[in-house]
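Have a look at start_10.cif; it's mmCIF, C-alpha atoms:
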```
data_my_file
loop_
_atom_site.label_atom_id
_atom_site.label_comp_id
_atom_site.auth_asym_id
_atom_site.auth_seq_id
_atom_site.Cartn_x
_atom_site.Cartn_y
_atom_site.Cartn_z
CA MET A 79 -8.38 -10.73 29.48
CA SER A 80 -5.87 -13.57 29.42
CA GLN A 81 -2.41 -13.38 27.91
CA ARG A 82 -3.37 -16.34 25.75
CA ASN A 83 -6.20 -14.38 24.13
CA THR A 84 -3.91 -11.42 23.48
CA LEU A 85 -1.26 -13.57 21.88
CA SER A 86 -3.87 -15.44 19.88
CA LEU A 87 -5.10 -12.28 18.20
CA TRP A 88 -1.62 -10.88 17.69
CA GLN A 89 -0.49 -14.17 16.12
CA LYS A 90 -3.50 -13.92 13.82
CA LEU A 91 -2.50 -10.40 12.76
CA LYS A 92 1.08 -11.51 12.10
CA GLN A 93 -0.15 -14.50 10.13
CA LEU A 94 -2.35 -12.27 7.98
CA LEU A 95 0.39 -9.74 7.35
CA THR A 96 3.27 -12.13 6.67
CA GLY A 97 1.00 -14.50 4.76
CA SER A 98 -0.06 -11.70 2.46
CA ALA A 99 3.52 -11.10 1.43
CA ALA A 100 4.19 -14.81 0.88
CA GLN A 101 0.98 -15.30 -1.12
CA ALA A 102 1.19 -12.10 -3.16
CA ASN A 103 0.86 -13.96 -6.43
CA GLU A 104 -2.67 -15.01 -5.45
CA VAL A 105 -4.02 -11.46 -5.47
CA GLU A 106 -6.82 -10.96 -7.97
CA ILE A 107 -7.23 -7.51 -9.45
CA ASP A 108 -10.55 -6.29 -10.84
CA VAL A 109 -9.99 -3.04 -12.69
CA THR A 110 -11.26 -1.16 -15.74
CA GLN A 111 -9.84 1.48 -18.09
CA THR A 112 -11.60 4.83 -17.93
CA GLU A 113 -9.20 7.37 -19.43
CA PRO A 114 -6.19 7.48 -21.77
CA HIS A 115 -2.96 6.71 -19.96
CA ASP A 116 -0.48 9.38 -18.89
CA ALA A 117 -3.15 12.08 -19.06
CA HIS A 118 -1.29 14.50 -16.78
CA ASP A 119 2.29 13.77 -17.71
CA ASN A 120 3.44 17.39 -17.53
CA THR A 121 2.28 18.06 -13.97
CA GLU A 122 5.07 19.38 -11.76
CA ILE A 123 5.24 19.06 -7.99
CA ASN A 124 7.34 20.56 -5.24
CA SER A 125 6.83 17.81 -2.66
CA GLU A 126 5.11 14.50 -2.04
CA SER A 127 2.29 16.27 -0.20
CA ASP A 128 1.40 18.00 -3.46
CA VAL A 129 0.72 14.59 -5.00
CA LYS A 130 -1.75 13.71 -2.25
CA ASN A 131 -3.48 17.06 -2.46
CA THR A 132 -3.81 17.29 -6.25
CA SER A 133 -3.90 13.71 -7.56
CA GLU A 134 -7.17 12.40 -9.00
CA TYR A 135 -6.63 8.67 -9.31
CA SER A 136 -8.28 6.91 -12.23
CA GLU A 137 -8.96 3.19 -12.56
CA THR A 138 -6.59 0.95 -14.51
CA ASP A 139 -6.79 -1.91 -16.93
CA ALA A 140 -6.69 -5.57 -15.89
CA PHE A 141 -3.58 -6.71 -14.02
CA ASN A 142 -1.54 -9.12 -16.15
CA SER A 143 1.23 -10.97 -14.35
CA SER A 144 2.57 -12.85 -17.39
CA ALA A 145 5.09 -10.24 -18.62
CA SER A 146 8.64 -11.55 -18.84
CA GLN A 147 11.58 -10.25 -16.83
CA HIS A 148 14.27 -8.26 -18.60
CA GLU A 149 17.08 -6.00 -17.55
CA ALA A 150 16.85 -2.25 -18.04
CA SER A 151 20.06 -1.01 -16.46
CA ASP A 152 20.48 1.81 -18.99
CA THR A 153 16.85 2.90 -18.91
CA PRO A 154 15.72 5.48 -16.31
CA ILE A 155 13.46 3.88 -13.73
CA ILE A 156 10.60 6.28 -14.45
CA ASP A 157 10.77 5.53 -18.18
CA PHE A 158 10.75 1.79 -17.55
CA LEU A 159 7.69 2.10 -15.31
CA LYS A 160 5.84 4.27 -17.82
CA GLN A 161 6.57 1.80 -20.61
CA TYR A 162 5.37 -1.03 -18.39
CA PHE A 163 2.09 0.79 -17.69
CA ASN A 164 1.70 1.80 -21.34
CA ASP A 165 2.15 -1.81 -22.49
CA LYS A 166 -0.73 -2.80 -20.24
CA GLN A 167 -2.78 0.22 -21.34
CA TRP A 168 -3.10 1.39 -17.74
CA HIS A 169 -4.10 4.94 -16.94
CA TYR A 170 -1.71 6.72 -14.61
CA THR A 171 -0.79 10.25 -13.63
CA HIS A 172 2.86 11.33 -13.73
CA TYR A 173 3.95 14.06 -11.33
CA ARG A 174 7.38 15.43 -12.21
CA PRO A 175 9.64 17.03 -9.59
CA LYS A 176 9.92 20.79 -9.92
CA SER A 177 13.49 22.11 -9.93
CA SER A 178 14.38 24.32 -7.00
CA GLY A 179 17.65 25.56 -8.46
CA ASN A 180 19.60 23.78 -5.70
CA LYS A 181 21.41 20.72 -7.10
CA ASN A 182 21.69 19.02 -3.71
CA ASN A 183 17.97 19.38 -3.04
CA ASP A 184 17.03 18.37 -6.57
CA ARG A 185 18.92 15.09 -6.21
CA GLN A 186 16.46 14.09 -3.47
CA GLN A 187 13.32 15.01 -5.38
CA SER A 188 11.08 12.28 -6.68
CA HIS A 189 8.94 11.41 -9.66
CA HIS A 190 5.51 10.05 -8.74
CA LEU A 191 3.22 7.80 -10.78
CA SER A 192 -0.27 7.37 -9.34
CA LEU A 193 -2.96 4.89 -10.33
CA ARG A 194 -5.97 3.19 -8.83
CA MET A 195 -6.74 -0.52 -8.57
CA ARG A 196 -9.45 -2.67 -7.06
CA ASN A 197 -8.80 -6.00 -5.35
CA LYS A 198 -12.16 -7.71 -4.83
CA SER A 199 -14.26 -5.01 -3.16
CA LEU A 200 -11.36 -2.83 -2.00
CA ASP A 201 -10.63 0.19 -4.21
CA CYS A 202 -7.32 1.88 -3.31
CA GLY A 203 -4.81 4.34 -4.70
CA TYR A 204 -1.26 3.18 -5.42
CA LEU A 205 1.76 5.40 -5.76
CA PHE A 206 5.15 4.67 -7.36
CA ARG A 207 7.87 7.01 -6.08
CA VAL A 208 11.19 7.17 -7.94
CA GLN A 209 14.46 8.87 -7.03
CA GLU A 210 16.52 8.48 -10.18
CA ASN A 211 19.83 9.76 -8.82
CA ASN A 212 19.73 7.39 -5.85
CA LYS A 213 18.22 4.52 -7.87
CA LEU A 214 15.44 4.04 -5.33
CA LEU A 215 11.89 2.85 -6.01
CA ALA A 216 9.09 2.79 -3.44
CA VAL A 217 5.52 1.57 -3.96
CA TYR A 218 2.71 2.69 -1.64
CA GLY A 219 -0.78 1.30 -1.10
CA ILE A 220 -3.02 4.01 0.35
CA LEU A 221 -6.10 3.10 2.39
CA PRO A 222 -9.35 4.66 1.07
CA PHE A 223 -10.24 6.31 4.38
CA LEU A 224 -8.62 8.57 6.97
CA ILE A 225 -8.12 7.78 10.65
CA PRO A 226 -9.99 10.39 12.73
CA GLU A 227 -7.98 12.30 15.31
CA SER A 228 -9.84 10.50 18.10
CA HIS A 229 -8.42 7.17 16.87
CA GLN A 230 -4.90 8.19 15.86
CA SER A 231 -3.22 7.31 19.17
CA ALA A 232 -4.61 3.78 18.97
CA ALA A 233 -3.66 3.58 15.28
CA MET A 234 -0.06 4.61 16.00
CA LEU A 235 0.15 2.00 18.75
CA LEU A 236 -1.11 -0.67 16.40
CA ILE A 237 1.18 0.43 13.55
CA THR A 238 4.23 0.39 15.83
CA GLN A 239 3.55 -3.15 16.99
CA ILE A 240 2.76 -4.44 13.49
CA ASN A 241 5.92 -2.88 12.03
CA TYR A 242 8.00 -4.51 14.75
CA ASP A 243 7.30 -7.95 13.27
CA LEU A 244 7.18 -7.16 9.55
CA LEU A 245 10.02 -8.68 7.55
CA ILE A 246 9.53 -6.40 4.54
CA GLY A 247 7.89 -3.02 4.13
CA ASN A 248 6.14 -0.96 6.77
CA LEU A 249 2.92 0.83 7.62
CA GLU A 250 2.90 4.64 7.88
CA MET A 251 0.39 7.23 9.05
CA ASP A 252 0.32 10.93 8.24
CA VAL A 253 -0.66 12.55 11.55
CA ASN A 254 -1.74 15.70 9.71
CA ASP A 255 -4.79 14.05 8.18
CA GLY A 256 -4.81 10.40 9.32
CA GLU A 257 -3.87 8.84 5.98
CA ILE A 258 -2.48 5.30 6.32
CA ARG A 259 -0.39 3.57 3.68
CA TYR A 260 1.76 0.48 3.29
CA LYS A 261 5.20 0.94 1.69
CA HIS A 262 7.58 -1.50 0.05
CA ALA A 263 10.84 -0.21 -1.45
CA ILE A 264 13.90 -1.52 -3.30
CA ASP A 265 17.36 -0.31 -4.29
CA VAL A 266 17.26 -0.69 -8.07
CA GLU A 267 21.03 -0.38 -8.33
CA ALA A 268 21.38 -3.52 -6.21
CA VAL A 269 18.52 -5.70 -7.48
CA GLY A 270 17.84 -4.31 -10.98
CA ILE A 271 14.44 -3.69 -12.46
CA GLY A 272 12.24 -5.74 -14.74
CA ASN A 273 8.64 -6.75 -15.23
CA ASP A 274 8.84 -9.48 -12.60
CA VAL A 275 10.30 -7.07 -10.05
CA ILE A 276 7.51 -4.54 -10.64
CA GLU A 277 4.82 -7.19 -10.46
CA HIS A 278 6.20 -8.66 -7.25
CA LEU A 279 6.34 -5.21 -5.66
CA LEU A 280 2.83 -4.27 -6.74
CA GLN A 281 1.24 -7.60 -5.87
CA SER A 282 2.80 -7.64 -2.40
CA VAL A 283 1.73 -4.05 -1.71
CA ILE A 284 -1.83 -4.79 -2.87
CA ALA A 285 -2.00 -7.87 -0.64
CA MET A 286 -0.66 -6.08 2.43
CA THR A 287 -2.88 -3.04 1.83
CA THR A 288 -5.92 -5.34 1.68
CA VAL A 289 -5.05 -6.84 5.07
CA ALA A 290 -4.31 -3.42 6.59
CA ASN A 291 -7.70 -2.21 5.35
CA GLU A 292 -9.46 -4.91 7.38
CA ILE A 293 -7.48 -4.18 10.54
CA PHE A 294 -7.91 -0.40 10.48
CA SER A 295 -11.53 -0.59 9.37
CA ASP A 296 -12.18 -2.52 12.59
CA LEU A 297 -10.28 0.14 14.50
CA ILE A 298 -12.35 3.08 13.28
CA ASP A 299 -15.56 1.09 13.74
CA ASN A 300 -14.71 1.03 17.45
CA GLN A 301 -16.20 4.23 18.86
CA ASN A 302 -13.77 4.56 21.79
CA PRO A 303 -10.66 2.44 21.10
CA ALA A 304 -8.34 1.60 23.98
CA GLU A 305 -4.86 3.08 23.99
CA ASP A 306 -3.06 0.15 25.62
CA LEU A 307 -2.10 -2.71 23.36
CA PRO A 308 -3.59 -5.72 25.26
CA THR A 309 -7.03 -4.10 25.56
CA LEU A 310 -6.90 -2.79 21.99
CA LEU A 311 -6.10 -6.26 20.63
CA THR A 312 -8.97 -7.72 22.63
CA GLU A 313 -11.38 -5.16 21.17
CA LEU A 314 -10.21 -5.89 17.62
CA ARG A 315 -10.51 -9.62 18.21
CA GLN A 316 -14.08 -9.22 19.43
CA GLN A 317 -14.95 -7.23 16.32
CA SER A 318 -13.33 -9.86 14.11
CA ASP A 319 -15.15 -12.68 15.92
CA SER A 320 -18.47 -10.84 15.60
CA ARG A 321 -18.24 -11.21 11.81
CA THR A 322 -17.88 -15.00 12.06
CA PHE A 323 -21.02 -17.13 12.09
CA PHE A 324 -21.27 -20.82 12.96
CA LEU A 325 -24.02 -23.21 11.88
CA PRO A 326 -25.36 -25.64 14.51
CA THR A 327 -24.36 -29.29 14.16
CA GLN A 328 -25.13 -32.54 15.95
CA PHE A 329 -21.56 -32.80 17.18
CA VAL A 330 -19.61 -30.95 19.83
CA GLN A 331 -17.25 -28.46 18.14
#
```

Would you mind writing the structure in this file as structure tokens?
Amino acid sequence: MSQRNTLSLWQKLKQLLTGSAAQANEVEIDVTQTEPHDAHDNTEINSESDVKNTSEYSETDAFNSSASQHEASDTPIIDFLKQYFNDKQWHYTHYRPKSSGNKNNDRQQSHHLSLRMRNKSLDCGYLFRVQENNKLLAVYGILPFLIPESHQSAAMLLITQINYDLLIGNLEMDVNDGEIRYKHAIDVEAVGIGNDVIEHLLQSVIAMTTVANEIFSDLIDNQNPAEDLPTLLTELRQQSDSRTFFLPTQFVQ
């Protein structure tokens, strides 16, 4: 394998990933309403893992990116998000942090809002995580499949290299079960919060999650993935090329 081929594929991956963030406004969401919103608003959780183990995502209403920006400095972040979802008649599940009795620990606990959206044929779960006291908001796009243990070393190698070049956000993998997600986060105290901020966050996460889905789907389709980066990139490039078909012409291509 030549260095040129390796760089060619890696440049393609970077182009896909960075291009997804730049073109986030072009994401098209195809979703439907199936249940009343905020159906599980009183659910309490002790940790983020409880959200993953107990959440049953439901599909949401159509994504509408025309809402206007407005400041909500005096409104709790979680309340602003819930009002935003309610205005769009989206179903979501709210997981409240459960008090431990320790003020220092409770300051770090998070509210979670979970919902499900479909971009084209990809149906994924999305999670909004809010730490009110620290004024932090993170949005996660969770891939709809788990990485098997046999592929996790290759996945971690790929994630590490992809994260090295990402300007915003990062990919994460839970080594306990192989879940992969893309995360984008903001400091609300610094940038504020409004409809445009939420839509930018969500659109960029959806776009990046869609690209990550393609990359890691190719990875798990490889029965025995390599664990060195040059060979792994070559294998992924071959799988990507195998999905491309060319029609014969009368001219040399």

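Between CA of Tyr173 in chain A and CA of Leu191 in chain A lies a distance of 6.3 Å.
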
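The space between CA of Lys198 in chain A and CA of Leu314 in chain A spans 22.6 Å.
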
Got a sec to resolve the PyMOL selection byres ((chain A and resi 234) around 12) on this structure and send the residues as a short mmCIF file (atom, residue, chain, number, x, y, z; two decimals) with C-alpha atoms, keeping the file's coordinate frame?
```cif
data_model
loop_
_atom_site.label_atom_id
_atom_site.label_comp_id
_atom_site.auth_asym_id
_atom_site.auth_seq_id
_atom_site.Cartn_x
_atom_site.Cartn_y
_atom_site.Cartn_z
CA ILE A 225 -8.12 7.78 10.65
CA PRO A 226 -9.99 10.39 12.73
CA GLU A 227 -7.98 12.30 15.31
CA SER A 228 -9.84 10.50 18.10
CA HIS A 229 -8.42 7.17 16.87
CA GLN A 230 -4.90 8.19 15.86
CA SER A 231 -3.22 7.31 19.17
CA ALA A 232 -4.61 3.78 18.97
CA ALA A 233 -3.66 3.58 15.28
CA LEU A 235 0.15 2.00 18.75
CA LEU A 236 -1.11 -0.67 16.40
CA ILE A 237 1.18 0.43 13.55
CA THR A 238 4.23 0.39 15.83
CA GLN A 239 3.55 -3.15 16.99
CA ILE A 240 2.76 -4.44 13.49
CA ASN A 241 5.92 -2.88 12.03
CA LEU A 249 2.92 0.83 7.62
CA GLU A 250 2.90 4.64 7.88
CA MET A 251 0.39 7.23 9.05
CA ASP A 252 0.32 10.93 8.24
CA VAL A 253 -0.66 12.55 11.55
CA GLY A 256 -4.81 10.40 9.32
CA GLU A 257 -3.87 8.84 5.98
CA ILE A 258 -2.48 5.30 6.32
CA PHE A 294 -7.91 -0.40 10.48
CA LEU A 297 -10.28 0.14 14.50
CA PRO A 303 -10.66 2.44 21.10
CA ALA A 304 -8.34 1.60 23.98
CA GLU A 305 -4.86 3.08 23.99
CA ASP A 306 -3.06 0.15 25.62
CA LEU A 307 -2.10 -2.71 23.36
CA LEU A 310 -6.90 -2.79 21.99
#
```

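When CA of Pro175 in chain A is paired with CA of Phe206 in chain A, their separation reads 13.3 Å.
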
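Every protein or nucleic acid residue with an atom no more than 10 Å from Ala268 in chain A, counting all atoms listed in the file and leaving out same-chain residues fewer than 4 positions away, appears here: Lys213, Leu214 and Ile264 of chain A.
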
Handout entry: Within 9 Å of range 199-201 of chain A using only C-alpha atoms, minus same-chain residues under 5 positions, as a list in words
Key = Asp108, Arg194, Leu221, Pro222, Thr288 and Asn291 of chain A

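Distances here use only C-alpha atoms; by that measure, the residue among A:Asn212, A:Thr309, A:Gln187, A:Thr287 closest to Gly247 in chain A is A:Thr287.
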
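Those residues returned by the PyMOL selection byres ((chain A and resi 189) around 6) for this file are Tyr173, Arg174, Pro175, Ser188, His190, Arg207 and Val208 of chain A.
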
Any chance you can output those residues with C-alpha atoms as a short mmCIF file (atom, residue, chain, number, x, y, z; two decimals), keeping the file's coordinate frame?
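Printed below is again.cif as written:
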```cif
data_model
loop_
_atom_site.label_atom_id
_atom_site.label_comp_id
_atom_site.auth_asym_id
_atom_site.auth_seq_id
_atom_site.Cartn_x
_atom_site.Cartn_y
_atom_site.Cartn_z
CA TYR A 173 3.95 14.06 -11.33
CA ARG A 174 7.38 15.43 -12.21
CA PRO A 175 9.64 17.03 -9.59
CA SER A 188 11.08 12.28 -6.68
CA HIS A 190 5.51 10.05 -8.74
CA ARG A 207 7.87 7.01 -6.08
CA VAL A 208 11.19 7.17 -7.94
#
```

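Once the PyMOL selection byres ((chain A and resi 246) around 10) is applied to the depicted file, the selected set reads Thr96, Ala99, Asn241, Asp243, Leu244, Leu245, Gly247, Asn248, Lys261, His262, Ala263 and Ser282 of chain A.
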